[in-house]
Amino acid sequence: MTEHEGEQARPKRSKWFWVGILVPVAIVVISATTWVVGYLSSTDNAQVGDCYAITTFGDVGVDPAKTDCGATEANAKVGAKTEGGVACPDGEYDELTVDGTFSSYKLCMMINAKQGDCLVNFLADSVAYQKVPCTDPAKDAEIVKVADGVASDTACEDTEATHLEVYSTPPSTLCIKSSK
């Protein structure tokens, strides 16, 4: 009896066997990656000071896009985040209610602007204000002063402001000259 006569030949596995193994593994990896990326980029992780490109306020079904606070499209900044039906702190916050993947909550949004920025849709009810060049004929507001660290109606007394946006958390006041 030779050395190999006692051994049984192993059947060679077909390429379909490997496809049957690799395809489910790839699906699991892609699904997990998609979930992690979605979790990390959603407003579920919103922190005070994060900026977003918002198109409408109120109840939203889709998360707004988180963006760099210096970007033109970054029109709103998180001032506070509340859960369980808790109201926003005192102030002129625009509310964004999110039925998120992992929880439902309210983002209390502040205008993300600096002195000299101009806006359209400033007085709109649910359409979000947007930053525009001050030469834009559609502009309806200009930020004439930003008082960080101060939440007071008196912060704009020395300006041409026609509207105040006072936020208690974090304390700040925006002095806004509106054309309407």
# chains A, B, ... in the order shown; residues from 1 in each chain; ligands from 1
$ select_by_dssp --residues "segment 19-171 of chain A" --states "alpha helix (DSSP H)" --output "number ranges by chain"
A: 19-41
$ residues_around --residues "segment 117-130 of chain A" --least-positions-apart "3" --cutoff "7 Å" --atoms "only C-alpha atoms" --output "number ranges by chain"
A: 54-58, 75, 113-114, 133-134, 138-143
$ select_by_dssp --residues "segment 64-147 of chain A" --states "strand (DSSP E)" --output "PyMOL selection string"
chain A and resi 65-67+76-83+94-99+104-111+118-120+130-132+141-147
